[in-house]
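Trainee: Mind having a look at this structure? Questions to follow.
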Amino acid sequence: MQKKIMVTQSSMPPFEEYIKEVGDLWESHWLTNMGEKHRKFQSVLEGYLEVPNIELLTNGHMALELTLQAMNLQGEVITTPFTFASTTHAIVRNGLTPVFCDINSETYTIDANKIEELITDRTCAIMPVHVYGNICDVEKIERIAKKYELKVIYDAAHSFGEKYKGVGIGNYGDASCFSFHATKVFNTIEGGAVSYKDPNLGNLIYELKNFGIHGPEEVSAVGANAKMNEFCAAMGLCNLRHVDEEIAKRKNIVERYRSNLEGIKGIKLNNLQDGVQSNYAYFPVVFEEKEFGASREEVFRELEKNDIYARKYFYPLTNTFSCFQGIYDVNQTPVALHISKRVLTLPLYADLALDDVDRICHIILGLKDGKKS
Ligand SMILES: *Cc1c(COP(=O)(O)O)cnc(C)c1O
């Protein structure tokens, strides 16, 4: 039987390394509430991401949710529906109204040329999403935000460790929220962080992640529980030592995919962006059925038959979720709709064998011009 190939495989440090890292917890019995691992990981991570401040959280979603809460916003937030449920949910769960902007058909990130027409007197913030490792038009977004005095909170879940023009991606906007979920380029099992400019914002998020506790006898905000525990921080310390090596392996895999699939009619690959030091987070392929001769669904099913599990990511769009039925009009984001119906992210993780990449591509190319099924 052939081995299953999943869309991703979580990175793990050598077993002995993790055991050594968590060993002192058996001395201290300090398992959570901003212990030694938490403090150490936070400081090492600020260095790695080259950002002035970060706050660690239980996951990327709580980073988004608590950052919005800490900013005490009201009204509308301009965002995109071509994202994971988390982005839209974080806005809605804060009592804010998402206003969906379409995406750029090349980068799949927010189309910065369409933001201004969506701004009203109720707009308070922009929450753009860096997608697949592609970076938003951070410069244009900054100009718009300045002009209209809007906050900018990036969903940076896909852009761990990336740089734009040599600057850590977490330096753009008022805040950037990272995810360290098991499936991401870098993981702490579950985890997340927010990088930010204003130290007051950081202090508030620190309190909000611990129930809004301000002092031993004072609770000054209606916070949540979103503290990163010591075992997750220890995982982060270990995985961080290997992440550059992992990104280099991902680069090789992406290049192999590219050399197999480049120039095929009806297949659109994701182009690397000028000035971006990529983390090679995902390998999205857009299938145009008319030119390629097979639909995204057919490719998905054929891979599945071969025990290869690609992912329809992002599909469906968040503005079509049944929990939002009748609230948003998907026709306002036609590019996002077009892409979401045709895109497939192919398996990609550091230890994926190049032979397997070739095999995946061979199966895909076997469907060209309706040759199979
Ligand atoms: C993973 C992800 C999140 C949520 O992060 P969690 O750590 O899983 O809570 C948010 N936005 C995007 C785009 C993501 O991919």
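Letters A, B, ... mark the chains of the structure tokens in the order given; residue numbers begin at 1 per chain; ligand numbers begin at 1, in order shown.
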So that I can check the surroundings of Asn72 in chain A, please list as a list of chain:residue names every protein, DNA and RNA residue that reaches within 12 Å of it, counting only C-alpha atoms and ignoring chain neighbours fewer than 3 positions away.
Mentor: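 Selected residues are A:Glu65, A:Leu66, A:Thr67, A:Leu68, A:Gln69, A:Gly75, A:Ile91, A:Asn94, A:Gly95, A:Leu96, A:Cys124, A:Ala125, A:Lys151, A:Leu201, A:Leu204, A:Ile205, A:Ala221, A:Val222.
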Trainee: Residues within 12 Å of range 13-15 of chain A, please, as a list in words. Count only C-alpha atoms; anything in the same chain fewer than 4 positions from it doesn't count.
Mentor: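 Contacts, in chain order: Ile19, Lys20, Glu21, Val22, Phe186, Asn187, Thr188, Ile189, Ala234, Met235, Gly236, Leu237, Cys238, Asn239, Leu240, Arg241, His242, Val243, Glu245 and Glu246 of chain A.
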Trainee: Could those selected residues go to a file with N, CA, C and O atoms, as an mmCIF file, in the first residue's frame?
Mentor:
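Full text of result_15.cif as output:
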```cif
data_model
loop_
_atom_site.group_PDB
_atom_site.id
_atom_site.type_symbol
_atom_site.label_atom_id
_atom_site.label_comp_id
_atom_site.auth_asym_id
_atom_site.auth_seq_id
_atom_site.Cartn_x
_atom_site.Cartn_y
_atom_site.Cartn_z
ATOM 1 N N ILE A 19 12.628 17.059 25.209
ATOM 2 C CA ILE A 19 12.655 16.528 26.577
ATOM 3 C C ILE A 19 13.631 17.344 27.429
ATOM 4 O O ILE A 19 13.349 17.677 28.580
ATOM 5 N N LYS A 20 14.752 17.685 26.815
ATOM 6 C CA LYS A 20 15.743 18.485 27.550
ATOM 7 C C LYS A 20 15.165 19.870 27.866
ATOM 8 O O LYS A 20 15.314 20.385 28.969
ATOM 9 N N GLU A 21 14.467 20.437 26.880
ATOM 10 C CA GLU A 21 13.912 21.789 27.046
ATOM 11 C C GLU A 21 12.859 21.840 28.158
ATOM 12 O O GLU A 21 12.804 22.799 28.912
ATOM 13 N N VAL A 22 12.022 20.814 28.242
ATOM 14 C CA VAL A 22 10.954 20.858 29.257
ATOM 15 C C VAL A 22 11.407 20.281 30.598
ATOM 16 O O VAL A 22 10.674 20.366 31.591
ATOM 17 N N PHE A 186 5.765 27.377 11.134
ATOM 18 C CA PHE A 186 6.405 27.292 12.448
ATOM 19 C C PHE A 186 5.308 27.025 13.469
ATOM 20 O O PHE A 186 4.279 27.698 13.445
ATOM 21 N N ASN A 187 5.503 26.032 14.339
ATOM 22 C CA ASN A 187 4.444 25.748 15.311
ATOM 23 C C ASN A 187 4.943 25.668 16.746
ATOM 24 O O ASN A 187 6.111 25.353 17.008
ATOM 25 N N THR A 188 4.006 25.959 17.658
ATOM 26 C CA THR A 188 4.215 25.719 19.092
ATOM 27 C C THR A 188 3.113 24.746 19.558
ATOM 28 O O THR A 188 2.611 24.877 20.665
ATOM 29 N N ILE A 189 2.736 23.808 18.714
ATOM 30 C CA ILE A 189 1.598 22.893 18.856
ATOM 31 C C ILE A 189 0.332 23.689 18.528
ATOM 32 O O ILE A 189 -0.217 23.548 17.458
ATOM 33 N N ALA A 234 8.076 26.035 25.146
ATOM 34 C CA ALA A 234 9.265 25.175 25.000
ATOM 35 C C ALA A 234 9.320 24.587 23.588
ATOM 36 O O ALA A 234 10.390 24.505 22.974
ATOM 37 N N MET A 235 8.163 24.207 23.062
ATOM 38 C CA MET A 235 8.111 23.695 21.686
ATOM 39 C C MET A 235 8.571 24.781 20.720
ATOM 40 O O MET A 235 9.302 24.506 19.765
ATOM 41 N N GLY A 236 8.150 25.999 21.007
ATOM 42 C CA GLY A 236 8.559 27.131 20.175
ATOM 43 C C GLY A 236 10.063 27.342 20.208
ATOM 44 O O GLY A 236 10.697 27.544 19.170
ATOM 45 N N LEU A 237 10.648 27.281 21.392
ATOM 46 C CA LEU A 237 12.100 27.454 21.527
ATOM 47 C C LEU A 237 12.835 26.405 20.689
ATOM 48 O O LEU A 237 13.819 26.708 20.013
ATOM 49 N N CYS A 238 12.346 25.173 20.727
ATOM 50 C CA CYS A 238 12.996 24.084 19.966
ATOM 51 C C CYS A 238 12.765 24.257 18.467
ATOM 52 O O CYS A 238 13.722 24.241 17.678
ATOM 53 N N ASN A 239 11.532 24.422 18.061
ATOM 54 C CA ASN A 239 11.235 24.512 16.626
ATOM 55 C C ASN A 239 11.922 25.714 15.966
ATOM 56 O O ASN A 239 12.294 25.653 14.795
ATOM 57 N N LEU A 240 12.080 26.770 16.733
ATOM 58 C CA LEU A 240 12.706 27.972 16.172
ATOM 59 C C LEU A 240 14.161 27.712 15.764
ATOM 60 O O LEU A 240 14.659 28.297 14.806
ATOM 61 N N ARG A 241 14.822 26.802 16.472
ATOM 62 C CA ARG A 241 16.225 26.481 16.139
ATOM 63 C C ARG A 241 16.336 25.802 14.769
ATOM 64 O O ARG A 241 17.403 25.757 14.185
ATOM 65 N N HIS A 242 15.232 25.232 14.291
ATOM 66 C CA HIS A 242 15.276 24.464 13.046
ATOM 67 C C HIS A 242 14.517 25.108 11.898
ATOM 68 O O HIS A 242 14.489 24.579 10.795
ATOM 69 N N VAL A 243 13.865 26.237 12.178
ATOM 70 C CA VAL A 243 12.909 26.746 11.188
ATOM 71 C C VAL A 243 13.585 27.235 9.896
ATOM 72 O O VAL A 243 13.045 27.043 8.800
ATOM 73 N N GLU A 245 16.209 26.018 8.435
ATOM 74 C CA GLU A 245 16.504 24.798 7.684
ATOM 75 C C GLU A 245 15.217 24.272 7.015
ATOM 76 O O GLU A 245 15.234 23.841 5.860
ATOM 77 N N GLU A 246 14.121 24.337 7.739
ATOM 78 C CA GLU A 246 12.840 23.856 7.214
ATOM 79 C C GLU A 246 12.367 24.730 6.041
ATOM 80 O O GLU A 246 11.858 24.214 5.051
#
```
Trainee: Show me, as a Markdown table, the residues of chain A having an atom within 8 Å of ligand 1, each with the closest atom pair and its distance in Å, using only C-alpha atoms and all ligand atoms.
Mentor:
```
| residue | atom | partner | partner_atom_place_in_ligand_line | distance |
| --- | --- | --- | --- | --- |
| A:Thr58 | CA | ligand 1 | 7 (O) | 7.6 |
| A:Asn59 | CA | ligand 1 | 7 (O) | 3.9 |
| A:Gly60 | CA | ligand 1 | 7 (O) | 3.5 |
| A:His61 | CA | ligand 1 | 9 (O) | 3.7 |
| A:Met62 | CA | ligand 1 | 9 (O) | 6.5 |
| A:Ala63 | CA | ligand 1 | 9 (O) | 7.9 |
| A:Leu64 | CA | ligand 1 | 10 (C) | 7.7 |
| A:Thr83 | CA | ligand 1 | 13 (C) | 5.1 |
| A:Phe84 | CA | ligand 1 | 13 (C) | 4.8 |
| A:Ala85 | CA | ligand 1 | 11 (N) | 7.1 |
| A:Ser86 | CA | ligand 1 | 10 (C) | 4.8 |
| A:Thr87 | CA | ligand 1 | 11 (N) | 5.4 |
| A:Val129 | CA | ligand 1 | 13 (C) | 6.4 |
| A:His130 | CA | ligand 1 | 13 (C) | 7.3 |
| A:Val131 | CA | ligand 1 | 13 (C) | 6.7 |
| A:Asp155 | CA | ligand 1 | 11 (N) | 5.8 |
| A:Ala156 | CA | ligand 1 | 13 (C) | 7.0 |
| A:Ala157 | CA | ligand 1 | 12 (C) | 4.8 |
| A:His158 | CA | ligand 1 | 15 (O) | 5.8 |
| A:Phe178 | CA | ligand 1 | 5 (O) | 7.2 |
| A:Ser179 | CA | ligand 1 | 7 (O) | 4.1 |
| A:Phe180 | CA | ligand 1 | 7 (O) | 5.4 |
| A:His181 | CA | ligand 1 | 7 (O) | 4.4 |
| A:Thr183 | CA | ligand 1 | 1 (C) | 7.7 |
| A:Lys184 | CA | ligand 1 | 1 (C) | 7.0 |
| A:Glu190 | CA | ligand 1 | 7 (O) | 6.1 |
| A:Gly191 | CA | ligand 1 | 7 (O) | 5.5 |
| A:Gly192 | CA | ligand 1 | 7 (O) | 5.5 |
```
Trainee: In terms of the shortest atom-to-atom distance over only C-alpha atoms, which of A:Ile110, A:Ala145, A:Ile169, A:Leu25 is closest to Lys37 in chain A?
Mentor: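 Smallest separation from Lys37 in chain A among the options: A:Leu25.
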Trainee: Just checking: using only C-alpha atoms, which residue out of A:Cys101, A:Val44, A:Ala350, A:Ile126 ends up closest to Glu76 in chain A?
Mentor: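 Smallest distance to Glu76 in chain A is found for A:Ile126.
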Trainee: If we count only C-alpha atoms and set the cut-off at 8 Å, which residues sit around Leu344 in chain A, ignoring sequence neighbours fewer than 5 positions away in its own chain? Please answer as a PyMOL selection string.
Mentor: chain A and resi 284-287+296+300+310-313
Trainee: Choose the residue, out of A:Ile144, A:Ala294, A:Val276, A:Val254, that has the smallest atom-to-atom separation from Leu346 in chain A; count only C-alpha atoms.
Mentor: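 The closest residue to Leu346 in chain A is A:Val254.
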Trainee: Can you build me a table of range 24-119 of chain A residues sitting at most 10 Å from range 322-331 of chain A, with the closest atom pair per residue and its distance in Å to one decimal, using only C-alpha atoms, sorted by chain and residue number, as CSV?
Mentor:
```
residue,atom,partner,partner_atom,distance
A:Pro81,CA,A:Val330,CA,8.8
A:Pro98,CA,A:Tyr328,CA,9.2
A:Val99,CA,A:Tyr328,CA,8.7
A:Phe100,CA,A:Tyr328,CA,8.4
A:Asp102,CA,A:Asn331,CA,9.7
```
